[in-house]
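Engineer: This is the content of my_file_22.cif (mmCIF, C-alpha atoms):
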data_start
loop_
_atom_site.label_atom_id
_atom_site.label_comp_id
_atom_site.auth_asym_id
_atom_site.auth_seq_id
_atom_site.Cartn_x
_atom_site.Cartn_y
_atom_site.Cartn_z
CA MET A 1 -42.99 -73.29 78.54
CA GLU A 2 -41.71 -75.80 76.01
CA ILE A 3 -37.95 -76.33 75.73
CA ARG A 4 -36.75 -75.80 72.15
CA THR A 5 -33.29 -75.82 70.57
CA VAL A 6 -31.29 -73.59 68.24
CA HIS A 7 -27.75 -73.89 66.86
CA ALA A 8 -25.72 -70.71 67.42
CA ASN A 9 -21.99 -70.00 67.58
CA GLY A 10 -21.24 -73.69 67.19
CA VAL A 11 -23.33 -74.69 70.22
CA GLU A 12 -26.72 -76.39 70.40
CA PHE A 13 -28.69 -74.18 72.81
CA ALA A 14 -31.85 -75.22 74.61
CA TYR A 15 -34.21 -72.36 75.39
CA LEU A 16 -37.59 -71.40 76.77
CA SER A 17 -39.83 -69.16 74.68
CA LEU A 18 -43.06 -67.27 75.24
CA GLY A 19 -44.97 -64.78 73.11
CA ASP A 20 -44.61 -63.31 69.64
CA GLY A 21 -43.00 -60.12 68.39
CA PRO A 22 -39.56 -58.53 68.65
CA LEU A 23 -36.96 -60.66 70.42
CA ALA A 24 -36.41 -60.16 74.17
CA LEU A 25 -33.34 -62.25 75.01
CA CYS A 26 -33.05 -63.15 78.73
CA LEU A 27 -29.65 -64.42 79.94
CA HIS A 28 -29.19 -66.21 83.25
CA GLY A 29 -26.15 -66.49 85.49
CA PHE A 30 -24.73 -68.83 88.15
CA PRO A 31 -25.87 -71.08 89.75
CA ASP A 32 -29.12 -70.67 87.90
CA THR A 33 -31.06 -71.64 84.78
CA ALA A 34 -33.39 -70.23 82.14
CA HIS A 35 -36.27 -70.82 84.57
CA THR A 36 -35.07 -67.81 86.57
CA TRP A 37 -37.00 -65.62 84.10
CA ARG A 38 -40.37 -67.25 84.81
CA HIS A 39 -41.77 -64.02 86.32
CA LEU A 40 -40.47 -61.64 83.65
CA MET A 41 -41.16 -63.67 80.50
CA PRO A 42 -45.00 -63.55 80.73
CA GLU A 43 -44.81 -59.78 81.23
CA LEU A 44 -42.57 -59.39 78.19
CA ALA A 45 -44.92 -61.55 76.14
CA GLY A 46 -47.85 -59.45 77.33
CA ARG A 47 -46.10 -56.34 76.02
CA GLY A 48 -45.74 -57.85 72.57
CA TYR A 49 -42.27 -59.41 72.77
CA ARG A 50 -41.05 -62.90 71.99
CA ALA A 51 -39.28 -63.65 75.27
CA VAL A 52 -36.48 -66.21 74.87
CA ALA A 53 -34.39 -67.54 77.77
CA PRO A 54 -31.53 -69.83 76.69
CA PHE A 55 -29.79 -72.25 79.01
CA MET A 56 -26.33 -70.73 78.75
CA ARG A 57 -23.38 -72.68 77.35
CA GLY A 58 -22.68 -75.77 79.43
CA TYR A 59 -25.95 -75.65 81.36
CA ALA A 60 -28.07 -78.72 80.53
CA PRO A 61 -29.93 -79.27 78.33
CA THR A 62 -27.64 -76.94 76.31
CA GLU A 63 -24.54 -78.56 74.85
CA VAL A 64 -21.21 -78.52 76.74
CA PRO A 65 -18.58 -76.72 74.60
CA ASP A 66 -14.86 -76.35 75.33
CA CYS A 67 -14.58 -72.61 75.98
CA PHE A 68 -16.07 -70.39 78.69
CA GLU A 69 -14.41 -67.03 78.16
CA LEU A 70 -16.35 -63.79 78.45
CA GLY A 71 -15.79 -63.30 74.73
CA ALA A 72 -17.50 -66.62 74.05
CA LEU A 73 -20.55 -65.43 76.00
CA ALA A 74 -20.73 -62.25 73.94
CA ALA A 75 -20.36 -64.27 70.74
CA ASP A 76 -23.20 -66.51 71.90
CA VAL A 77 -25.48 -63.53 72.43
CA ALA A 78 -24.68 -62.07 69.02
CA ALA A 79 -25.28 -65.44 67.35
CA LEU A 80 -28.52 -66.06 69.26
CA HIS A 81 -29.75 -62.62 68.23
CA GLU A 82 -29.23 -63.59 64.60
CA GLU A 83 -30.42 -67.19 64.72
CA LEU A 84 -33.57 -66.32 66.66
CA GLY A 85 -34.56 -63.64 64.18
CA GLY A 86 -33.66 -60.59 66.23
CA ASP A 87 -34.06 -57.26 64.48
CA ALA A 88 -33.56 -53.59 65.29
CA ASP A 89 -36.33 -53.76 67.92
CA ALA A 90 -34.71 -56.61 69.91
CA VAL A 91 -33.86 -56.09 73.59
CA VAL A 92 -31.54 -57.99 75.94
CA ILE A 93 -31.68 -58.61 79.71
CA GLY A 94 -28.84 -60.31 81.58
CA HIS A 95 -28.26 -61.32 85.20
CA ASP A 96 -24.93 -62.27 86.81
CA TRP A 97 -22.80 -63.95 84.07
CA GLY A 98 -25.56 -63.00 81.67
CA ALA A 99 -24.74 -59.36 82.37
CA PHE A 100 -21.36 -59.81 80.68
CA GLY A 101 -23.18 -60.99 77.57
CA VAL A 102 -25.11 -57.72 77.72
CA TYR A 103 -21.97 -55.59 78.15
CA GLY A 104 -20.34 -57.12 75.08
CA THR A 105 -23.34 -56.69 72.78
CA ALA A 106 -25.48 -53.81 74.10
CA GLY A 107 -24.99 -51.75 70.94
CA ARG A 108 -26.62 -54.53 68.90
CA PHE A 109 -29.95 -54.22 70.79
CA ARG A 110 -32.46 -51.38 70.96
CA ARG A 111 -32.50 -51.55 74.78
CA ALA A 112 -30.34 -53.43 77.29
CA VAL A 113 -30.66 -54.32 80.98
CA ALA A 114 -27.95 -55.76 83.27
CA MET A 115 -28.38 -57.00 86.84
CA SER A 116 -26.19 -57.75 89.84
CA VAL A 117 -22.72 -57.77 88.21
CA MET A 118 -20.98 -54.57 87.16
CA PRO A 119 -18.86 -54.02 84.02
CA MET A 120 -15.22 -55.10 84.16
CA ALA A 121 -13.86 -51.56 84.19
CA HIS A 122 -15.78 -50.79 87.37
CA GLN A 123 -15.01 -54.14 88.99
CA ALA A 124 -11.30 -53.46 88.51
CA ARG A 125 -11.69 -50.51 90.87
CA VAL A 126 -13.75 -52.20 93.59
CA PHE A 127 -13.37 -56.00 93.49
CA LEU A 128 -10.21 -56.21 95.60
CA ARG A 129 -11.77 -54.51 98.61
CA TYR A 130 -11.43 -56.79 101.63
CA GLU A 131 -15.15 -57.29 102.27
CA GLN A 132 -15.78 -58.13 98.63
CA LEU A 133 -12.91 -60.61 98.51
CA LYS A 134 -14.52 -62.42 101.44
CA ARG A 135 -17.84 -62.58 99.60
CA SER A 136 -16.08 -63.86 96.49
CA PHE A 137 -14.32 -66.82 98.14
CA TYR A 138 -16.22 -69.23 95.87
CA SER A 139 -14.64 -67.72 92.74
CA PHE A 140 -11.15 -68.63 93.90
CA VAL A 141 -12.22 -72.12 94.99
CA PHE A 142 -13.93 -72.75 91.65
CA ALA A 143 -10.80 -71.69 89.79
CA THR A 144 -8.93 -74.66 91.30
CA GLY A 145 -9.28 -78.41 91.09
CA LEU A 146 -11.20 -78.31 94.37
CA GLY A 147 -14.16 -76.61 92.71
CA GLU A 148 -16.19 -79.70 91.84
CA LEU A 149 -15.55 -81.26 95.24
CA ALA A 150 -16.67 -78.10 97.06
CA ALA A 151 -19.78 -77.62 94.92
CA THR A 152 -20.96 -81.18 95.56
CA GLN A 153 -20.76 -80.94 99.35
CA PRO A 154 -24.16 -81.34 101.06
CA GLY A 155 -25.95 -78.01 101.42
CA PHE A 156 -23.47 -76.05 99.29
CA TRP A 157 -26.02 -74.62 96.82
CA GLU A 158 -28.54 -73.92 99.60
CA SER A 159 -25.95 -71.99 101.59
CA LEU A 160 -24.75 -70.02 98.59
CA TRP A 161 -28.24 -68.89 97.64
CA ALA A 162 -29.05 -68.09 101.29
CA ASP A 163 -25.94 -65.90 101.55
CA TRP A 164 -26.58 -64.16 98.26
CA SER A 165 -30.33 -63.59 98.71
CA PRO A 166 -31.04 -63.64 102.46
CA GLY A 167 -34.57 -64.75 103.32
CA TYR A 168 -35.52 -65.94 99.84
CA ASP A 169 -37.00 -69.44 99.53
CA ALA A 170 -34.90 -70.91 96.72
CA ARG A 171 -36.15 -74.50 96.81
CA ALA A 172 -37.77 -74.38 93.37
CA ASP A 173 -34.74 -72.70 91.83
CA LEU A 174 -32.33 -75.18 93.41
CA GLU A 175 -34.28 -78.05 91.91
CA PHE A 176 -33.81 -76.48 88.47
CA VAL A 177 -30.09 -76.01 89.22
CA ARG A 178 -29.67 -79.65 90.19
CA ARG A 179 -31.30 -80.77 86.96
CA SER A 180 -29.04 -78.50 84.93
CA LEU A 181 -25.72 -79.06 86.74
CA GLY A 182 -26.24 -82.57 88.08
CA GLU A 183 -23.92 -84.22 85.58
CA PRO A 184 -20.15 -83.80 86.14
CA ALA A 185 -19.60 -82.34 82.67
CA ASN A 186 -22.21 -79.63 83.25
CA LEU A 187 -20.88 -78.75 86.69
CA SER A 188 -17.34 -78.47 85.34
CA ALA A 189 -18.67 -76.28 82.53
CA ALA A 190 -20.33 -73.89 85.00
CA LEU A 191 -17.08 -73.68 86.99
CA GLY A 192 -15.20 -73.20 83.73
CA TYR A 193 -16.49 -69.62 83.55
CA TYR A 194 -14.52 -68.82 86.72
CA ARG A 195 -11.43 -70.67 85.51
CA ALA A 196 -11.44 -68.68 82.28
CA LEU A 197 -12.00 -65.37 84.08
CA LEU A 198 -9.27 -65.92 86.68
CA GLY A 199 -6.76 -67.33 84.23
CA THR A 200 -6.48 -70.90 85.49
CA ALA A 201 -7.79 -72.14 82.13
CA PRO A 202 -5.75 -71.17 79.05
CA PRO A 203 -7.37 -68.67 76.67
CA SER A 204 -8.70 -70.13 73.45
CA GLY A 205 -7.68 -67.18 71.27
CA ARG A 206 -10.93 -67.55 69.32
CA TYR A 207 -12.86 -64.59 70.70
CA ALA A 208 -10.37 -61.74 70.94
CA ALA A 209 -12.69 -59.07 69.52
CA GLU A 210 -15.64 -60.17 71.66
CA GLN A 211 -13.41 -60.36 74.76
CA ALA A 212 -12.22 -56.81 74.13
CA ALA A 213 -15.83 -55.64 73.74
CA VAL A 214 -16.84 -57.12 77.11
CA GLN A 215 -13.82 -55.61 78.85
CA ALA A 216 -14.49 -52.21 77.27
CA GLY A 217 -18.03 -52.19 78.64
CA PRO A 218 -21.40 -51.44 77.05
CA ALA A 219 -21.40 -49.44 73.84
CA GLY A 220 -24.98 -48.30 74.36
CA GLU A 221 -26.96 -46.98 77.29
CA ILE A 222 -28.26 -49.59 79.72
CA LEU A 223 -30.43 -49.99 82.78
CA TYR A 224 -28.44 -51.45 85.67
CA LEU A 225 -30.30 -53.05 88.60
CA HIS A 226 -28.78 -54.22 91.90
CA GLY A 227 -30.30 -55.62 95.07
CA ALA A 228 -29.74 -53.49 98.16
CA GLN A 229 -29.04 -56.64 100.23
CA ASP A 230 -26.92 -58.46 97.65
CA GLY A 231 -24.67 -60.92 99.46
CA CYS A 232 -22.63 -61.79 96.37
CA MET A 233 -21.66 -58.33 95.09
CA GLY A 234 -22.15 -55.78 97.85
CA ALA A 235 -24.48 -52.91 97.06
CA GLU A 236 -21.84 -50.44 98.24
CA LEU A 237 -19.86 -51.32 95.10
CA VAL A 238 -22.48 -49.56 92.96
CA GLU A 239 -21.13 -46.19 94.09
CA GLY A 240 -19.34 -44.57 91.16
CA LEU A 241 -20.74 -47.04 88.64
CA ASP A 242 -22.21 -44.21 86.59
CA GLN A 243 -18.65 -43.37 85.46
CA ALA A 244 -18.38 -46.80 83.77
CA LEU A 245 -21.71 -46.62 81.94
CA PRO A 246 -22.57 -44.67 78.78
CA ALA A 247 -24.44 -41.39 79.00
CA GLY A 248 -28.17 -41.92 79.29
CA SER A 249 -27.81 -45.09 81.37
CA ARG A 250 -29.79 -45.54 84.57
CA ILE A 251 -28.89 -47.24 87.87
CA GLU A 252 -31.51 -48.51 90.32
CA LEU A 253 -31.00 -50.14 93.73
CA VAL A 254 -33.90 -52.48 94.52
CA ALA A 255 -34.78 -52.39 98.22
CA GLN A 256 -35.30 -55.62 100.21
CA ALA A 257 -33.65 -57.71 97.49
CA GLY A 258 -30.44 -59.67 97.27
CA HIS A 259 -28.49 -61.06 94.33
CA PHE A 260 -31.49 -62.75 92.67
CA LEU A 261 -33.55 -59.57 92.78
CA HIS A 262 -35.72 -60.52 89.79
CA LEU A 263 -36.95 -63.56 91.76
CA GLU A 264 -37.24 -61.83 95.13
CA ARG A 265 -38.99 -58.65 93.97
CA PRO A 266 -40.47 -59.64 90.60
CA ALA A 267 -43.18 -56.97 90.45
CA GLU A 268 -40.74 -54.11 91.01
CA VAL A 269 -38.03 -55.51 88.75
CA ASN A 270 -40.54 -56.26 85.99
CA ARG A 271 -41.83 -52.69 86.20
CA LEU A 272 -38.32 -51.23 85.95
CA VAL A 273 -37.42 -53.43 82.99
CA LEU A 274 -40.67 -52.83 81.10
CA ASP A 275 -40.49 -49.08 81.66
CA TRP A 276 -36.94 -49.04 80.30
CA ILE A 277 -37.61 -51.06 77.17
CA SER A 278 -40.99 -49.49 76.35
#
For this file, produce the structure as structure tokens.
Structural biologist:
Amino acid sequence: MEIRTVHANGVEFAYLSLGDGPLALCLHGFPDTAHTWRHLMPELAGRGYRAVAPFMRGYAPTEVPDCFELGALAADVAALHEELGGDADAVVIGHDWGAFGVYGTAGRFRRAVAMSVMPMAHQARVFLRYEQLKRSFYSFVFATGLGELAATQPGFWESLWADWSPGYDARADLEFVRRSLGEPANLSAALGYYRALLGTAPPSGRYAAEQAAVQAGPAGEILYLHGAQDGCMGAELVEGLDQALPAGSRIELVAQAGHFLHLERPAEVNRLVLDWIS
């Protein structure tokens, strides 16, 4: 897939694209890239969609901006929807950080899918459980000045992916990650998401409405997918999630899959996504 560019929300985004038809916007998370959607995009194109996977703000070859708040992510998604010609038939799929982009804009799209990270309202009830705090050690390290040093230690990315998706061979994905986050500015940008979320970076004040929308949760029904062996956000945290999602939403646990479930079990995840958006 050819890498193209588009200017949206003041940022020059690089993106992968496949197919023609209504927009299907695919949003990646951390530490990952647009290539994470290589199994889903051909299926979306085959169903008559124009599948577009941007490299999210700060992830090369996308430009490095100066703000990484959740509201900025939602503003990016809204702007990409417009600049890429999205209409009333457009759909959005987000994984990890990309899920927050979904939560802040779901009402803009005909159908929405989120994976592996729950809405803020639900996380507020479950994140501080002891076992989850242990899993989330990296968040607190990244929020400090030690983040870059930790992330550049030999084997760090390999170990993180192995913990989050046990048994998955991530060598191809890690090569994409190294290309995208190999420069210091890009790595600091990726860690900037955590610094903004945990308050160690000052708020910009530019995205108050979008920030409120993400924190309020999805305005429209969504499909939520989670790996049953997720080593990043434990699958037990999904219990009670239905209370944080709009009526008509659907929750599916994907067996024998970890955090990167769309890479580990592509056939099943593709089926669930395509059934939901069809």
Engineer: Exactly which residues make up the result of the PyMOL selection byres ((chain A and resi 223-232) around 6) on this file, given as an MDAnalysis selection string?
Structural biologist: chainID A and resid 113:116 135 163:164 222 233:235 249:255 257:259 261
Engineer: Please produce a file of the residues just selected, as an mmCIF file, in the coordinates of the input, where the atoms kept are C-alpha atoms.
Structural biologist:
data_model
loop_
_atom_site.group_PDB
_atom_site.id
_atom_site.type_symbol
_atom_site.label_atom_id
_atom_site.label_comp_id
_atom_site.auth_asym_id
_atom_site.auth_seq_id
_atom_site.Cartn_x
_atom_site.Cartn_y
_atom_site.Cartn_z
ATOM 1 C CA VAL A 113 -30.660 -54.320 80.980
ATOM 2 C CA ALA A 114 -27.950 -55.760 83.270
ATOM 3 C CA MET A 115 -28.380 -57.000 86.840
ATOM 4 C CA SER A 116 -26.190 -57.750 89.840
ATOM 5 C CA ARG A 135 -17.840 -62.580 99.600
ATOM 6 C CA ASP A 163 -25.940 -65.900 101.550
ATOM 7 C CA TRP A 164 -26.580 -64.160 98.260
ATOM 8 C CA ILE A 222 -28.260 -49.590 79.720
ATOM 9 C CA MET A 233 -21.660 -58.330 95.090
ATOM 10 C CA GLY A 234 -22.150 -55.780 97.850
ATOM 11 C CA ALA A 235 -24.480 -52.910 97.060
ATOM 12 C CA SER A 249 -27.810 -45.090 81.370
ATOM 13 C CA ARG A 250 -29.790 -45.540 84.570
ATOM 14 C CA ILE A 251 -28.890 -47.240 87.870
ATOM 15 C CA GLU A 252 -31.510 -48.510 90.320
ATOM 16 C CA LEU A 253 -31.000 -50.140 93.730
ATOM 17 C CA VAL A 254 -33.900 -52.480 94.520
ATOM 18 C CA ALA A 255 -34.780 -52.390 98.220
ATOM 19 C CA ALA A 257 -33.650 -57.710 97.490
ATOM 20 C CA GLY A 258 -30.440 -59.670 97.270
ATOM 21 C CA HIS A 259 -28.490 -61.060 94.330
ATOM 22 C CA LEU A 261 -33.550 -59.570 92.780
#
Engineer: Enumerate, as a list in words, the residues matched when the PyMOL selection byres ((chain A and resi 209-213) around 10) is run on the file above.
Structural biologist: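 This file gives the following for the PyMOL selection byres ((chain A and resi 209-213) around 10): Glu69, Leu70, Gly71, Ala72, Leu73, Ala74, Ala75, Asp76, Ala78, Phe100, Gly101, Tyr103, Gly104, Thr105, Ala106, Gly205, Arg206, Tyr207, Ala208, Val214, Gln215, Ala216, Gly217, Pro218 and Ala219 of chain A.
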Engineer: For CA of Ile3 in chain A and CA of Tyr15 in chain A, quote the distance in Å rounded to one decimal.
Structural biologist: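 Here the two named atoms are 5.5 Å from each other.
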Engineer: Between A:Ala162, A:Val77, A:Gly199, A:Ala267, which residue has the minimum interatomic distance to His7 in chain A, considering all atoms listed in the file?
Structural biologist: A:Val77
Engineer: Check what the PyMOL selection byres ((chain A and resi 167-182) around 8) selects in the file above and give those residues as a count of residues only.
Structural biologist: 20
Engineer: Go ahead and compute the interatomic distance for CA of Leu80 in chain A and CA of Glu148 in chain A, in Å to one decimal.
Structural biologist: 29.1 Å
Engineer: Hey, which of A:Gly220, A:Pro154, A:Pro22, A:Pro246 ends up closest to Ala90 in chain A? Count all atoms listed in the file.
Structural biologist: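 Among A:Gly220, A:Pro154, A:Pro22, A:Pro246, it is A:Pro22 that comes nearest to Ala90 in chain A.
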Engineer: Step by step: start from the point (-32.1, -62.4, 83.6) in the file's coordinates, keep every protein, DNA or RNA residue that has an atom no farther than 7 Å from it, count all atoms listed in the file, and write the set as a VMD selection string.
Structural biologist: chain A and resid 26 to 28 36 to 37 93 to 95 98
Engineer: Of the candidates A:Arg47, A:Phe142, A:His81, A:Asp66, which shows the shortest atom-to-atom distance to Val6 in chain A, using all atoms listed in the file?
Structural biologist: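 Between A:Arg47, A:Phe142, A:His81, A:Asp66, the residue approaching Val6 in chain A most closely is A:His81.
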Engineer: Record the distance separating CA of Thr144 in chain A and CA of Leu197 in chain A, expressed in Å with one decimal.
Structural biologist: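 Here the two named atoms are 12.2 Å from each other.
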Engineer: Using all atoms listed in the file, can you tell me which of A:Phe68, A:Phe55, A:Tyr193, A:Phe109 comes closest to Ala143 in chain A?
Structural biologist: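 The answer is A:Tyr193, which sits nearest to Ala143 in chain A.
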Engineer: Would you mind telling me which residue in A:Gly10, A:Gly147, A:Gly248, A:Gly240 lies nearest to Pro119 in chain A when using only C-alpha atoms?
Structural biologist: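 Of the candidates, the smallest distance to Pro119 in chain A is held by A:Gly240.
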Engineer: Give the answer as one residue: which of A:Gly145, A:Pro266, A:Gly107, A:Pro54 has the shortest atom-to-atom distance to Val11 in chain A, using only C-alpha atoms?
Structural biologist: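 Among the listed residues, A:Pro54 lies closest to Val11 in chain A.
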Engineer: Write out as number ranges by chain the residues lying within 8 Å of Pro42 in chain A, counting all atoms listed in the file and excluding same-chain residues fewer than 5 positions away.
Structural biologist: A: 18-19, 51
